file run27.cif (mmCIF, C-alpha atoms)
data_structure
loop_
_atom_site.group_PDB
_atom_site.id
_atom_site.type_symbol
_atom_site.label_atom_id
_atom_site.label_comp_id
_atom_site.auth_asym_id
_atom_site.auth_seq_id
_atom_site.Cartn_x
_atom_site.Cartn_y
_atom_site.Cartn_z
ATOM 1 C CA VAL A 1 25.512 38.051 22.769
ATOM 2 C CA ASP A 2 27.265 38.991 19.560
ATOM 3 C CA TRP A 3 25.702 42.321 18.606
ATOM 4 C CA PHE A 4 25.705 43.382 14.966
ATOM 5 C CA ASN A 5 27.323 46.644 13.868
ATOM 6 C CA GLU A 6 27.852 48.143 17.303
ATOM 7 C CA GLU A 7 30.829 50.182 16.091
ATOM 8 C CA GLY A 8 29.105 51.435 12.943
ATOM 9 C CA SER A 9 31.991 50.789 10.599
ATOM 10 C CA ARG A 10 30.065 49.731 7.482
ATOM 11 C CA PHE A 11 26.447 50.627 8.192
ATOM 12 C CA LYS A 12 25.098 53.725 9.929
ATOM 13 C CA PRO A 13 23.946 54.209 12.591
ATOM 14 C CA SER A 14 26.044 52.172 14.969
ATOM 15 C CA LEU A 15 24.594 50.070 17.807
ATOM 16 C CA MET A 16 22.223 48.278 15.410
ATOM 17 C CA GLY A 17 22.079 44.894 17.102
ATOM 18 C CA SER A 18 21.500 46.179 20.602
ATOM 19 C CA ALA A 19 19.047 48.823 19.350
ATOM 20 C CA VAL A 20 16.884 46.170 17.682
ATOM 21 C CA PHE A 21 17.183 43.911 20.720
ATOM 22 C CA THR A 22 16.003 46.609 23.130
ATOM 23 C CA GLY A 23 13.254 47.879 20.833
ATOM 24 C CA ALA A 24 14.943 51.229 20.161
ATOM 25 C CA ALA A 25 15.085 50.338 16.440
ATOM 26 C CA ASP A 26 12.704 48.361 14.245
ATOM 27 C CA LEU A 27 14.116 45.098 12.866
ATOM 28 C CA GLU A 28 12.739 45.475 9.330
ATOM 29 C CA ASP A 29 13.823 49.123 9.075
ATOM 30 C CA THR A 30 17.299 48.156 10.254
ATOM 31 C CA LEU A 31 17.565 45.288 7.768
ATOM 32 C CA ASP A 32 16.710 47.737 4.952
ATOM 33 C CA ILE A 33 19.564 50.165 5.758
ATOM 34 C CA THR A 34 22.211 50.302 3.024
ATOM 35 C CA ASP A 35 25.955 50.834 3.048
ATOM 36 C CA GLN A 36 27.773 53.234 0.682
ATOM 37 C CA ASP A 37 27.579 50.657 -2.109
ATOM 38 C CA GLY A 38 23.821 50.155 -1.751
ATOM 39 C CA VAL A 39 24.077 46.729 -0.068
ATOM 40 C CA THR A 40 21.385 46.259 2.580
ATOM 41 C CA VAL A 41 22.030 44.920 6.045
ATOM 42 C CA ARG A 42 19.685 42.045 5.149
ATOM 43 C CA ASP A 43 21.738 41.128 2.053
ATOM 44 C CA ALA A 44 25.060 41.407 3.909
ATOM 45 C CA LEU A 45 23.902 39.181 6.767
ATOM 46 C CA THR A 46 22.282 36.670 4.392
ATOM 47 C CA ALA A 47 25.511 36.457 2.364
ATOM 48 C CA ILE A 48 27.423 35.246 5.398
ATOM 49 C CA ASN A 49 24.564 33.082 6.739
ATOM 50 C CA SER A 50 24.216 35.271 9.838
ATOM 51 C CA ILE A 51 20.825 36.899 9.537
ATOM 52 C CA GLY A 52 19.525 35.032 12.575
ATOM 53 C CA LYS A 53 16.030 33.880 13.393
ATOM 54 C CA THR A 54 13.090 36.018 14.416
ATOM 55 C CA ASP A 55 10.782 33.155 15.282
ATOM 56 C CA VAL A 56 12.641 32.005 18.409
ATOM 57 C CA PHE A 57 9.785 33.227 20.598
ATOM 58 C CA PRO A 58 6.193 33.150 19.315
ATOM 59 C CA ASP A 59 5.485 36.769 20.289
ATOM 60 C CA GLY A 60 8.841 37.935 18.877
ATOM 61 C CA ASP A 61 9.816 39.681 22.119
ATOM 62 C CA VAL A 62 12.927 38.051 23.541
ATOM 63 C CA THR A 63 13.615 40.863 26.023
ATOM 64 C CA ARG A 64 10.835 39.829 28.402
ATOM 65 C CA ARG A 65 12.075 36.248 28.530
ATOM 66 C CA LEU A 66 15.680 36.974 29.488
ATOM 67 C CA ALA A 67 16.927 37.478 33.017
ATOM 68 C CA ALA A 68 20.306 38.791 31.824
ATOM 69 C CA TYR A 69 22.706 38.764 28.924
ATOM 70 C CA ALA A 70 26.453 39.049 28.501
ATOM 71 C CA GLU A 71 28.259 41.098 25.898
ATOM 72 C CA ILE A 72 31.845 39.910 25.841
ATOM 73 C CA HIS A 73 34.567 42.222 24.560
ATOM 74 C CA ILE A 74 37.778 40.579 23.505
ATOM 75 C CA GLU A 75 41.020 42.480 24.043
ATOM 76 C CA GLN A 76 42.502 42.457 20.558
ATOM 77 C CA GLY A 77 46.164 42.841 21.383
ATOM 78 C CA ARG A 78 48.655 40.844 23.405
ATOM 79 C CA GLU A 79 48.512 43.078 26.474
ATOM 80 C CA LEU A 80 46.446 40.791 28.716
ATOM 81 C CA GLU A 81 48.601 37.773 27.966
ATOM 82 C CA LYS A 82 51.817 39.771 28.194
ATOM 83 C CA HIS A 83 50.892 40.997 31.660
ATOM 84 C CA ASN A 84 49.429 37.648 32.781
ATOM 85 C CA VAL A 85 46.017 39.198 33.372
ATOM 86 C CA SER A 86 42.936 36.992 33.588
ATOM 87 C CA ILE A 87 39.765 38.075 31.809
ATOM 88 C CA GLY A 88 36.851 39.067 34.031
ATOM 89 C CA LEU A 89 33.147 39.368 33.376
ATOM 90 C CA VAL A 90 31.480 42.735 32.805
ATOM 91 C CA ASP A 91 28.272 43.197 34.777
ATOM 92 C CA ARG A 92 27.329 46.630 33.418
ATOM 93 C CA THR A 93 27.341 48.416 30.093
ATOM 94 C CA TRP A 94 27.307 52.010 28.902
ATOM 95 C CA ALA A 95 25.279 53.917 26.352
ATOM 96 C CA ALA A 96 26.882 55.694 23.421
ATOM 97 C CA ASN A 97 25.665 58.774 21.640
ATOM 98 C CA LYS A 98 27.144 59.554 18.247
ATOM 99 C CA TYR A 99 26.483 62.693 16.282
ATOM 100 C CA GLU A 100 27.278 63.788 12.761
ATOM 101 C CA LEU A 101 27.550 67.564 12.496
ATOM 102 C CA ASN A 102 28.186 70.010 9.693
ATOM 103 C CA VAL A 103 29.921 73.210 10.741
ATOM 104 C CA ILE A 104 29.568 75.898 8.096
ATOM 105 C CA GLY A 105 31.826 78.910 7.959
ATOM 106 C CA ALA A 106 33.292 81.392 5.545
ATOM 107 C CA GLN A 107 36.845 81.852 4.388
ATOM 108 C CA GLY A 108 38.256 85.028 5.855
ATOM 109 C CA HIS A 109 40.341 84.157 8.864
ATOM 110 C CA THR A 110 43.211 86.466 7.965
ATOM 111 C CA GLY A 111 43.875 89.725 6.216
ATOM 112 C CA ALA A 112 41.302 92.464 6.060
ATOM 113 C CA THR A 113 38.458 90.536 7.742
ATOM 114 C CA ALA A 114 37.826 92.038 11.163
ATOM 115 C CA ILE A 115 37.745 89.545 14.057
ATOM 116 C CA ASP A 116 34.056 90.255 14.756
ATOM 117 C CA ASP A 117 33.167 89.533 11.100
ATOM 118 C CA ARG A 118 34.960 86.206 10.835
ATOM 119 C CA GLN A 119 32.969 82.975 10.576
ATOM 120 C CA ASP A 120 35.725 80.407 10.896
ATOM 121 C CA ALA A 121 34.326 76.859 10.664
ATOM 122 C CA LEU A 122 37.288 75.343 12.485
ATOM 123 C CA LEU A 123 36.767 77.663 15.451
ATOM 124 C CA GLY A 124 33.082 76.713 15.513
ATOM 125 C CA ALA A 125 33.955 73.005 15.393
ATOM 126 C CA ALA A 126 36.474 73.465 18.200
ATOM 127 C CA LEU A 127 33.860 75.181 20.350
ATOM 128 C CA ILE A 128 31.425 72.287 19.833
#

call {"tool": "encode", "arguments": {"input": "run27.cif", "output": "structure tokens"}}
result
Amino acid sequence: VDWFNEEGSRFKPSLMGSAVFTGAADLEDTLDITDQDGVTVRDALTAINSIGKTDVFPDGDVTRRLAAYAEIHIEQGRELEKHNVSIGLVDRTWAANKYELNVIGAQGHTGATAIDDRQDALLGAALI
């Protein structure tokens, strides 16, 4: 399996490919998501001839027809080779939750502002 946009570098949210595969996200809605320049996922994938096929199974649900899948991560440095380590197979995966938060505060962290009256955004972010 080569999931699309799992890291979320160009399009948000991340985990797009696996979310569509598992039914957590709708394919058409995902293809309509745009990047910061207004390019849709559909247009980006079409431009590199990688949009894939949705008619592989007549009912469109590939998840019920698979016994298992493999998501292979490639170590991107020289560390495995340098240490003469063989690559193994992963038999489990993990879920990721990503959040985008706005912490709002007010300037006044020094001077005449009493401690109890301060609304320091950095302190709030640190507490989160």

call {"tool": "atom_distance", "arguments": {"input": "run27.cif", "atom1": "CA of Asp29 (chain A)", "atom2": "CA of Met16 (chain A)"}}
result
10.6 Å

call {"tool": "residues_around", "arguments": {"input": "run27.cif", "residues": "Glu28 (chain A)", "least_positions_apart": "2", "cutoff": "12 Å", "atoms": "all atoms listed in the file", "output": "PyMOL selection string"}}
result
chain A and resi 16+20+23+25-26+30-33+40-42+51+54

call {"tool": "write_last_selection", "arguments": {"input": "run27.cif", "atoms": "C-alpha atoms", "output": "short mmCIF file (atom, residue, chain, number, x, y, z; two decimals), in the coordinates of the input"}}
result
data_model
loop_
_atom_site.label_atom_id
_atom_site.label_comp_id
_atom_site.auth_asym_id
_atom_site.auth_seq_id
_atom_site.Cartn_x
_atom_site.Cartn_y
_atom_site.Cartn_z
CA MET A 16 22.22 48.28 15.41
CA VAL A 20 16.88 46.17 17.68
CA GLY A 23 13.25 47.88 20.83
CA ALA A 25 15.08 50.34 16.44
CA ASP A 26 12.70 48.36 14.24
CA THR A 30 17.30 48.16 10.25
CA LEU A 31 17.57 45.29 7.77
CA ASP A 32 16.71 47.74 4.95
CA ILE A 33 19.56 50.16 5.76
CA THR A 40 21.38 46.26 2.58
CA VAL A 41 22.03 44.92 6.04
CA ARG A 42 19.68 42.04 5.15
CA ILE A 51 20.82 36.90 9.54
CA THR A 54 13.09 36.02 14.42
#

call {"tool": "residues_around", "arguments": {"input": "run27.cif", "residues": "Trp3 (chain A)", "least_positions_apart": "2", "cutoff": "7 Å", "atoms": "all atoms listed in the file", "output": "list in words"}}
result
Val1, Asn5, Glu6, Gly17 and Ser18 of chain A

call {"tool": "write_last_selection", "arguments": {"input": "run27.cif", "atoms": "C-alpha atoms", "output": "short mmCIF file (atom, residue, chain, number, x, y, z; two decimals), in the coordinates of the input"}}
result
data_model
loop_
_atom_site.label_atom_id
_atom_site.label_comp_id
_atom_site.auth_asym_id
_atom_site.auth_seq_id
_atom_site.Cartn_x
_atom_site.Cartn_y
_atom_site.Cartn_z
CA VAL A 1 25.51 38.05 22.77
CA ASN A 5 27.32 46.64 13.87
CA GLU A 6 27.85 48.14 17.30
CA GLY A 17 22.08 44.89 17.10
CA SER A 18 21.50 46.18 20.60
#

call {"tool": "atom_distance", "arguments": {"input": "run27.cif", "atom1": "CA of Arg118 (chain A)", "atom2": "CA of Ala106 (chain A)"}}
result
7.3 Å

call {"tool": "atom_distance", "arguments": {"input": "run27.cif", "atom1": "CA of Leu27 (chain A)", "atom2": "CA of Phe4 (chain A)"}}
result
11.9 Å

call {"tool": "resolve_selection", "arguments": {"input": "run27.cif", "expression": "the PyMOL selection byres ((chain A and resi 120) around 10)", "output": "list in words"}}
result
Val103, Ile104, Gly105, Ala106, Gln107, Gly108, His109, Ile115, Asp117, Arg118, Gln119, Ala121, Leu122, Leu123, Gly124 and Ala125 of chain A

call {"tool": "closest_residue", "arguments": {"input": "run27.cif", "among": "A:Val39, A:Ala70, A:Ala47, A:Ile128", "to": "Asn102 (chain A)", "atoms": "only C-alpha atoms"}}
result
A:Ile128

call {"tool": "closest_residue", "arguments": {"input": "run27.cif", "among": "A:Ser86, A:Ser9, A:Asn49, A:Asn97", "to": "Gln36 (chain A)", "atoms": "all atoms listed in the file"}}
result
A:Ser9
